[in-house]
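File shown: run-v6.txt (compact mmCIF, C-alpha atoms).
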```txt
# COMPACT_ATOMS: atom_id res chain seq x y z
CA MET F 1 94.67 -217.99 241.15
CA LYS F 2 92.60 -217.08 238.10
CA PRO F 3 94.19 -217.74 234.67
CA LYS F 4 95.55 -214.63 232.99
CA ALA F 5 93.91 -213.65 229.70
CA LEU F 6 94.31 -211.06 226.99
CA PHE F 7 91.20 -209.51 225.47
CA ASN F 8 91.06 -208.97 221.71
CA TRP F 9 89.59 -205.47 221.67
CA SER F 10 88.06 -204.08 218.45
CA SER F 11 86.65 -200.92 220.12
CA GLY F 12 83.09 -201.86 219.12
CA LYS F 13 79.90 -203.22 220.64
CA ASP F 14 80.62 -206.96 220.50
CA SER F 15 83.97 -206.46 222.22
CA SER F 16 82.32 -204.27 224.84
CA LEU F 17 79.58 -206.76 225.66
CA ALA F 18 82.02 -209.70 225.66
CA LEU F 19 84.34 -207.83 228.02
CA TYR F 20 81.42 -206.95 230.29
CA LYS F 21 80.38 -210.61 230.48
CA ILE F 22 83.90 -211.95 231.06
CA LEU F 23 84.43 -209.42 233.87
CA GLN F 24 81.08 -210.34 235.43
CA GLU F 25 81.91 -214.06 235.33
CA ASP F 26 85.23 -213.29 237.06
CA GLN F 27 86.90 -216.53 235.92
CA TYR F 28 89.89 -214.83 234.27
CA GLU F 29 92.24 -212.00 235.08
CA ILE F 30 92.07 -209.68 232.06
CA SER F 31 95.69 -208.53 231.93
CA THR F 32 95.75 -206.61 228.66
CA LEU F 33 93.83 -205.50 225.59
CA LEU F 34 95.15 -206.37 222.13
CA THR F 35 94.12 -204.35 219.07
CA SER F 36 95.30 -204.56 215.45
CA ILE F 37 96.27 -201.17 214.01
CA ASN F 38 96.93 -200.03 210.45
CA LYS F 39 100.49 -198.76 210.87
CA GLU F 40 100.28 -196.21 208.04
CA PHE F 41 97.03 -194.54 209.07
CA GLN F 42 97.13 -195.28 212.82
CA ARG F 43 93.58 -196.54 212.76
CA ILE F 44 91.91 -199.75 213.93
CA SER F 45 91.72 -202.25 211.09
CA MET F 46 88.22 -202.26 209.45
CA HIS F 47 86.63 -200.06 212.11
CA GLY F 48 88.56 -197.01 210.90
CA VAL F 49 88.76 -195.56 214.43
CA HIS F 50 91.83 -193.41 215.15
CA VAL F 51 94.29 -194.73 217.71
CA SER F 52 93.73 -191.66 219.94
CA LEU F 53 90.15 -192.79 220.59
CA LEU F 54 91.30 -196.36 221.20
CA GLU F 55 93.82 -195.15 223.77
CA ARG F 56 91.13 -193.10 225.51
CA GLN F 57 88.95 -196.22 225.70
CA ALA F 58 91.76 -198.21 227.31
CA GLU F 59 92.32 -195.42 229.85
CA SER F 60 88.63 -195.41 230.74
CA LEU F 61 88.59 -199.20 231.01
CA GLY F 62 91.69 -199.18 233.20
CA ILE F 63 93.27 -202.07 231.26
CA PRO F 64 96.73 -201.89 229.60
CA LEU F 65 96.66 -201.79 225.80
CA ILE F 66 98.94 -203.53 223.30
CA LYS F 67 98.73 -202.19 219.73
CA MET F 68 99.73 -204.69 217.05
CA GLU F 69 100.77 -202.56 214.07
CA LEU F 70 100.18 -204.09 210.63
CA LEU F 71 101.11 -202.96 207.15
CA LYS F 72 98.30 -201.58 204.96
CA GLU F 73 97.84 -204.88 203.12
CA PRO F 74 100.00 -207.48 204.89
CA SER F 75 100.58 -210.87 203.30
CA MET F 76 99.53 -213.89 205.32
CA GLU F 77 103.19 -214.59 206.05
CA GLU F 78 103.81 -211.04 207.29
CA TYR F 79 100.68 -211.17 209.46
CA GLN F 80 101.68 -214.51 210.96
CA GLN F 81 105.17 -213.22 211.77
CA ILE F 82 103.88 -210.10 213.51
CA MET F 83 101.29 -212.13 215.39
CA SER F 84 103.85 -214.71 216.50
CA THR F 85 106.20 -212.03 217.80
CA THR F 86 103.34 -210.27 219.62
CA MET F 87 102.01 -213.45 221.19
CA ALA F 88 105.47 -214.49 222.36
CA GLY F 89 105.76 -211.21 224.27
CA ILE F 90 102.29 -211.68 225.74
CA GLN F 91 103.01 -215.23 226.87
CA ALA F 92 106.13 -214.06 228.66
CA HIS F 93 103.75 -212.40 231.16
CA GLY F 94 102.05 -215.70 231.99
CA ILE F 95 98.97 -215.12 229.84
CA THR F 96 97.35 -218.43 228.84
CA HIS F 97 93.95 -217.47 227.38
CA SER F 98 92.70 -215.16 224.62
CA VAL F 99 89.16 -213.74 224.69
CA PHE F 100 87.17 -212.87 221.55
CA GLY F 101 83.79 -211.26 220.87
CA ASP F 102 82.85 -213.56 217.96
CA ILE F 103 79.29 -214.85 217.93
CA PHE F 104 78.64 -217.43 215.21
CA LEU F 105 81.32 -217.54 212.48
CA GLU F 106 82.53 -221.13 212.73
CA ASP F 107 85.48 -220.77 210.32
CA LEU F 108 86.79 -217.75 212.20
CA ARG F 109 86.52 -219.51 215.53
CA LYS F 110 88.39 -222.55 214.20
CA TYR F 111 91.12 -220.32 212.76
CA ARG F 112 91.59 -218.54 216.08
CA GLU F 113 91.66 -221.78 218.04
CA ASP F 114 94.13 -223.40 215.63
CA GLN F 115 96.47 -220.41 215.74
CA LEU F 116 96.41 -220.24 219.54
CA SER F 117 96.97 -223.98 219.91
CA THR F 118 100.31 -223.65 218.10
CA VAL F 119 101.56 -221.47 220.97
CA GLY F 120 99.83 -223.41 223.74
CA MET F 121 97.04 -220.89 224.42
CA LYS F 122 93.27 -221.34 224.61
CA ALA F 123 90.47 -219.23 223.12
CA VAL F 124 87.43 -218.00 225.07
CA PHE F 125 84.18 -216.82 223.43
CA PRO F 126 81.73 -215.25 225.94
CA LEU F 127 79.07 -214.47 223.28
CA TRP F 128 79.28 -217.70 221.30
CA LYS F 129 75.99 -218.90 219.73
CA GLU F 130 73.94 -216.26 221.54
CA ASP F 131 70.98 -214.89 219.56
CA THR F 132 72.21 -211.63 218.00
CA SER F 133 68.83 -209.91 218.34
CA ASN F 134 68.88 -210.66 222.07
CA LEU F 135 72.51 -209.54 222.33
CA ILE F 136 71.97 -206.11 220.79
CA HIS F 137 69.00 -205.46 223.06
CA GLU F 138 70.94 -206.66 226.11
CA PHE F 139 73.76 -204.33 225.07
CA LEU F 140 71.42 -201.33 224.97
CA ASP F 141 69.56 -202.32 228.14
CA LEU F 142 72.88 -202.41 230.04
CA GLY F 143 73.41 -198.75 229.14
CA PHE F 144 76.08 -199.12 226.48
CA LYS F 145 76.28 -196.45 223.79
CA THR F 146 77.91 -197.07 220.43
CA ILE F 147 78.18 -195.33 217.05
CA VAL F 148 78.51 -196.86 213.58
CA THR F 149 81.94 -196.03 212.14
CA CYS F 150 81.91 -198.20 209.01
CA VAL F 151 79.27 -199.77 206.78
CA ASN F 152 79.68 -202.29 204.00
CA GLY F 153 78.01 -200.82 200.91
CA THR F 154 76.95 -204.29 199.81
CA TYR F 155 74.43 -204.32 202.66
CA LEU F 156 73.86 -200.74 203.81
CA ASP F 157 73.94 -197.26 202.29
CA LYS F 158 75.87 -194.19 203.44
CA SER F 159 73.04 -192.99 205.70
CA PHE F 160 73.77 -195.71 208.26
CA ALA F 161 77.33 -194.45 208.87
CA GLY F 162 77.68 -192.14 211.86
CA ARG F 163 74.42 -193.24 213.48
CA ILE F 164 74.08 -194.09 217.15
CA ILE F 165 72.70 -197.60 217.57
CA ASP F 166 69.26 -197.48 219.18
CA GLN F 167 65.91 -199.18 218.59
CA GLN F 168 65.25 -197.02 215.54
CA PHE F 169 68.56 -198.07 214.00
CA ILE F 170 67.69 -201.75 214.60
CA ASP F 171 64.23 -201.25 213.07
CA ASP F 172 65.75 -199.59 210.00
CA LEU F 173 68.12 -202.47 209.20
CA PRO F 174 67.20 -204.52 206.10
CA GLU F 175 66.09 -208.09 206.79
CA ASN F 176 69.32 -209.54 205.37
CA VAL F 177 71.52 -207.60 207.85
CA ASP F 178 72.42 -209.19 211.17
CA PRO F 179 71.47 -206.87 214.08
CA CYS F 180 75.01 -207.20 215.46
CA GLY F 181 76.66 -206.88 212.03
CA GLU F 182 78.29 -210.26 212.61
CA ASN F 183 78.76 -210.83 208.87
CA GLY F 184 80.75 -207.61 208.51
CA GLU F 185 77.77 -205.43 207.52
CA PHE F 186 78.85 -202.63 209.89
CA HIS F 187 81.37 -201.81 212.61
CA THR F 188 81.11 -199.59 215.66
CA PHE F 189 82.88 -197.59 218.35
CA THR F 190 81.55 -197.89 221.92
CA PHE F 191 81.87 -194.65 223.87
CA ASP F 192 79.97 -195.27 227.10
CA GLY F 193 78.66 -198.09 229.27
CA PRO F 194 79.07 -199.98 232.54
CA ILE F 195 82.68 -201.06 231.85
CA PHE F 196 83.92 -197.48 231.36
CA LYS F 197 84.93 -195.13 234.15
CA ASN F 198 84.11 -192.11 231.94
CA PRO F 199 82.40 -191.62 228.57
CA ILE F 200 84.69 -191.07 225.57
CA GLN F 201 84.18 -187.53 224.27
CA PHE F 202 84.33 -187.14 220.47
CA GLU F 203 82.93 -185.23 217.52
CA ILE F 204 81.61 -186.74 214.30
CA GLY F 205 83.62 -185.72 211.24
CA GLU F 206 82.94 -186.34 207.57
CA THR F 207 81.81 -189.62 206.04
CA VAL F 208 84.12 -190.87 203.30
CA LYS F 209 83.80 -193.58 200.66
CA LYS F 210 86.57 -196.13 200.21
CA THR F 211 86.78 -198.91 197.65
CA TYR F 212 88.77 -202.13 197.60
CA PRO F 213 89.21 -204.46 194.59
CA LYS F 214 87.39 -207.77 194.76
CA PRO F 215 89.61 -210.81 194.12
CA LYS F 216 88.89 -212.47 190.78
CA THR F 217 87.86 -216.11 190.67
CA SER F 218 88.86 -216.42 186.99
CA PRO F 219 90.92 -214.42 184.41
CA GLU F 220 87.74 -213.73 182.40
CA GLU F 221 85.92 -212.12 185.31
CA GLU F 222 85.42 -208.35 185.07
CA ASP F 223 87.03 -206.01 187.60
CA SER F 224 84.78 -205.14 190.53
CA GLU F 225 85.16 -203.57 193.96
CA TYR F 226 83.86 -203.50 197.50
CA VAL F 227 82.47 -200.17 198.72
CA PHE F 228 82.69 -199.06 202.37
CA TRP F 229 81.53 -195.87 204.05
CA PHE F 230 83.59 -194.63 207.00
CA SER F 231 82.36 -191.99 209.43
CA ASP F 232 85.36 -190.26 210.99
CA LEU F 233 85.39 -189.63 214.73
CA VAL F 234 87.57 -186.90 216.23
CA LEU F 235 88.65 -186.97 219.87
CA LYS F 236 87.57 -183.91 221.85
```
Would you give me this structure, written as structure tokens?
Amino acid sequence: MKPKALFNWSSGKDSSLALYKILQEDQYEISTLLTSINKEFQRISMHGVHVSLLERQAESLGIPLIKMELLKEPSMEEYQQIMSTTMAGIQAHGITHSVFGDIFLEDLRKYREDQLSTVGMKAVFPLWKEDTSNLIHEFLDLGFKTIVTCVNGTYLDKSFAGRIIDQQFIDDLPENVDPCGENGEFHTFTFDGPIFKNPIQFEIGETVKKTYPKPKTSPEEEDSEYVFWFSDLVLK
């Protein structure tokens, strides 16, 4: 029997390609998707995608979905408690592995592995250390379609929000931006591709600016903020 695994689903391109690869390899039984949700706004954390679109994705994928609801700004203790409770419920179904779409962030990988080891689970990274330029082209060549839902204003301006990723989008990226946005430069919503039974139908709404205070490293440091642009998607 194949080991049972949960898939940490963000709704975006890296998750989609990682899921495609893990299904092709056929070494694990993907029993459920797990997605973190902002409880107040009912949107995927960071991606800003409404839960209605997430649920439509899960339906098209044909994989059960678990939504882990988080407070707007949870403390580390609150996050750990919610995660522990969620993982305990998942393990009760015999799930032993957890799949992620991370590519090259070493600290993040170590954090995930350390957290899973405390509950006796193992992490799986189908895209690990792959060249991100090759990955984004493989993603497009496979027939996936994805739209940018959030951009980090430190790297990209408002015009990149709400764009479909294609060769022109890749060509337009500044040199300091990873083509897969692996450093948090942008986030996406995948609406079609070989893992979906049907495309996800949506309309593009307005693009809104949101700011978040930057943590100070000293009392003398001036107040500053992070700027993000979110392009709202509305389910048809």
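Omitting stretch 87-90 of chain F and its sequence neighbours fewer than 3 positions away, and counting all atoms listed in the file, the residues within 10 Å are Ala5, Leu6, Ser31, Thr32, Leu34, Ile66, Met68, Gln81, Ile82, Met83, Ser84, His93, Gly94, Ile95, Thr96, Leu116, Val119 and Met121 of chain F.
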**Message:** To one decimal place in Å, what is the distance between atom CA of F:Val148 and atom CA of F:Gly12?
**Reply:**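 So the two atoms, atom CA of F:Val148 and atom CA of F:Gly12, lie 8.8 Å apart.
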query = Looking at F:Phe41, F:Phe169, F:Phe104, F:Tyr79, which one is nearest to F:His137, with distances taken over all atoms listed in the file?
reply =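 Once distances to F:His137 are computed over all atoms listed in the file, the minimum belongs to F:Phe169.
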Edge lengths and centre in Å to one decimal, as AutoDock Vina command-line options, of the axis-aligned box that encloses all listed atoms of stretch 107-126 of chain F with 4 Å added on every side?
```
--center_x 91.6 --center_y -219.6 --center_z 218.1 --size_x 27.8 --size_y 16.7 --size_z 23.6
```
Interatomic distance, atom CA of F:Val49 to atom CA of F:Glu25 (Å, one decimal):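 We find that atom CA of F:Val49 and atom CA of F:Glu25 lie 28.7 Å from each other.
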Quote the spacing between atom CA of F:Pro3 and atom CA of F:Glu29 in Å to one decimal place.
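Separation of atom CA of F:Pro3 and atom CA of F:Glu29: 6.1 Å.
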Point (69.8, -208.3, 221.7), cut-off 12 Å, counting only C-alpha atoms, residues as a list of chain:residue names:
F:Lys13, F:Asp14, F:Leu17, F:Leu127, F:Glu130, F:Asp131, F:Thr132, F:Ser133, F:Asn134, F:Leu135, F:Ile136, F:His137, F:Glu138, F:Phe139, F:Leu140, F:Asp141, F:Leu142, F:Ile165, F:Asp166, F:Gln167, F:Ile170, F:Asp178, F:Pro179, F:Cys180, F:Gly181
Practice prompt. Pick out the residues sitting within 6 Å of stretch 196-205 of chain F, and hand them over as a PyMOL selection string; count only C-alpha atoms, and ignore anything fewer than 4 positions along from it in its own chain.
Written response: chain F and resi 60-61+191-192+232-236
key: For stretch 151-161 of chain F: contacts at 12 Å, only C-alpha atoms, fewer than 2 positions along chain excluded, given as number ranges by chain   = F: 46-48, 146-149, 163-166, 168-170, 172-178, 181-189, 204-212, 225-233
- Task: May I have the residues within 12 Å of F:Leu71 as a list in words, using only C-alpha atoms and disregarding those fewer than 6 positions away in the same chain?
- Result: Ser36, Ile37, Asn38, Lys39, Glu40, Phe41, Gln42, Arg43, Ile44, Ser45, Glu77, Glu78, Tyr79, Gln81 and Ile82 of chain F
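Take the candidates F:Thr86, F:Asn8, F:Thr35, F:Ser224 and check each one against F:Val99 using only C-alpha atoms; the shortest distance goes to F:Asn8.
For the set F:Phe125, F:Val51, F:Lys4, F:Trp9, the residue with the smallest atom-to-atom gap to F:Ala92 is F:Lys4, counting only C-alpha atoms.
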message: Which residue is closest to F:Lys129? Choose from F:Leu105, F:Ser52, F:Ser16, F:Glu220 and count all atoms listed in the file.
response: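 Among the listed residues, F:Leu105 lies closest to F:Lys129.
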Next on the checklist: At a cut-off of 7 Å, using all atoms listed in the file, what residues contact F:Glu113? Leave out same-chain residues fewer than 4 positions from it and give the result as a PyMOL selection string.
Outcome noted: chain F and resi 109+117+122-123
Final N, CA, C and O atoms of stretch 152-177 of chain F as a short mmCIF file (atom, residue, chain, number, x, y, z; two decimals), in the frame of the given file:
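Final output, saved to part20.cif:
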```cif
data_model
loop_
_atom_site.label_atom_id
_atom_site.label_comp_id
_atom_site.auth_asym_id
_atom_site.auth_seq_id
_atom_site.Cartn_x
_atom_site.Cartn_y
_atom_site.Cartn_z
N ASN F 152 79.38 -201.60 205.24
CA ASN F 152 79.68 -202.29 204.00
C ASN F 152 78.59 -201.95 203.00
O ASN F 152 77.42 -202.27 203.21
N GLY F 153 78.98 -201.28 201.90
CA GLY F 153 78.01 -200.82 200.91
C GLY F 153 77.24 -201.93 200.23
O GLY F 153 76.21 -201.67 199.59
N THR F 154 77.70 -203.16 200.36
CA THR F 154 76.95 -204.29 199.81
C THR F 154 75.63 -204.48 200.55
O THR F 154 74.65 -204.95 199.98
N TYR F 155 75.60 -204.09 201.82
CA TYR F 155 74.43 -204.32 202.66
C TYR F 155 73.69 -203.04 203.05
O TYR F 155 72.47 -203.05 203.21
N LEU F 156 74.45 -201.96 203.28
CA LEU F 156 73.86 -200.74 203.81
C LEU F 156 74.35 -199.52 203.03
O LEU F 156 75.48 -199.52 202.51
N ASP F 157 73.53 -198.47 202.99
CA ASP F 157 73.94 -197.26 202.29
C ASP F 157 74.62 -196.28 203.25
O ASP F 157 74.70 -196.51 204.47
N LYS F 158 75.09 -195.20 202.70
CA LYS F 158 75.87 -194.19 203.44
C LYS F 158 75.14 -193.66 204.66
O LYS F 158 75.77 -193.30 205.67
N SER F 159 73.81 -193.60 204.61
CA SER F 159 73.04 -192.99 205.70
C SER F 159 73.18 -193.70 207.03
O SER F 159 72.91 -193.12 208.09
N PHE F 160 73.61 -194.97 207.01
CA PHE F 160 73.77 -195.71 208.26
C PHE F 160 75.08 -195.37 208.97
O PHE F 160 75.22 -195.63 210.17
N ALA F 161 76.05 -194.82 208.26
CA ALA F 161 77.33 -194.45 208.87
C ALA F 161 77.15 -193.23 209.76
O ALA F 161 76.44 -192.28 209.40
N GLY F 162 77.77 -193.27 210.94
CA GLY F 162 77.68 -192.14 211.86
C GLY F 162 76.43 -192.13 212.71
O GLY F 162 76.20 -191.16 213.46
N ARG F 163 75.63 -193.19 212.67
CA ARG F 163 74.42 -193.24 213.48
C ARG F 163 74.69 -193.93 214.82
O ARG F 163 75.46 -194.90 214.89
N ILE F 164 74.06 -193.42 215.86
CA ILE F 164 74.08 -194.09 217.15
C ILE F 164 73.13 -195.29 217.07
O ILE F 164 72.03 -195.18 216.55
N ILE F 165 73.57 -196.44 217.59
CA ILE F 165 72.70 -197.60 217.57
C ILE F 165 71.66 -197.49 218.68
O ILE F 165 71.99 -197.38 219.86
N ASP F 166 70.40 -197.49 218.26
CA ASP F 166 69.26 -197.48 219.18
C ASP F 166 68.17 -198.34 218.54
O ASP F 166 68.39 -199.00 217.52
N GLN F 167 66.99 -198.34 219.13
CA GLN F 167 65.91 -199.18 218.59
C GLN F 167 65.55 -198.78 217.18
O GLN F 167 65.25 -199.63 216.34
N GLN F 168 65.58 -197.48 216.89
CA GLN F 168 65.25 -197.02 215.54
C GLN F 168 66.25 -197.55 214.52
O GLN F 168 65.87 -197.97 213.42
N PHE F 169 67.53 -197.53 214.89
CA PHE F 169 68.56 -198.07 214.00
C PHE F 169 68.29 -199.55 213.71
O PHE F 169 68.34 -200.00 212.56
N ILE F 170 67.97 -200.32 214.76
CA ILE F 170 67.69 -201.75 214.60
C ILE F 170 66.48 -201.95 213.68
O ILE F 170 66.49 -202.81 212.80
N ASP F 171 65.44 -201.13 213.88
CA ASP F 171 64.23 -201.25 213.07
C ASP F 171 64.51 -200.91 211.61
O ASP F 171 63.84 -201.44 210.70
N ASP F 172 65.46 -200.03 211.36
CA ASP F 172 65.75 -199.59 210.00
C ASP F 172 66.63 -200.56 209.21
O ASP F 172 66.78 -200.43 207.99
N LEU F 173 67.24 -201.54 209.89
CA LEU F 173 68.12 -202.47 209.20
C LEU F 173 67.33 -203.36 208.23
O LEU F 173 66.26 -203.85 208.58
N PRO F 174 67.85 -203.57 207.02
CA PRO F 174 67.20 -204.52 206.10
C PRO F 174 67.18 -205.92 206.70
O PRO F 174 67.99 -206.25 207.58
N GLU F 175 66.26 -206.75 206.23
CA GLU F 175 66.09 -208.09 206.79
C GLU F 175 67.33 -208.97 206.64
O GLU F 175 67.54 -209.87 207.45
N ASN F 176 68.14 -208.70 205.61
CA ASN F 176 69.32 -209.54 205.37
C ASN F 176 70.54 -209.11 206.18
O ASN F 176 71.62 -209.68 206.02
N VAL F 177 70.40 -208.11 207.04
CA VAL F 177 71.52 -207.60 207.85
C VAL F 177 71.38 -208.09 209.28
O VAL F 177 70.34 -207.90 209.92
#
```
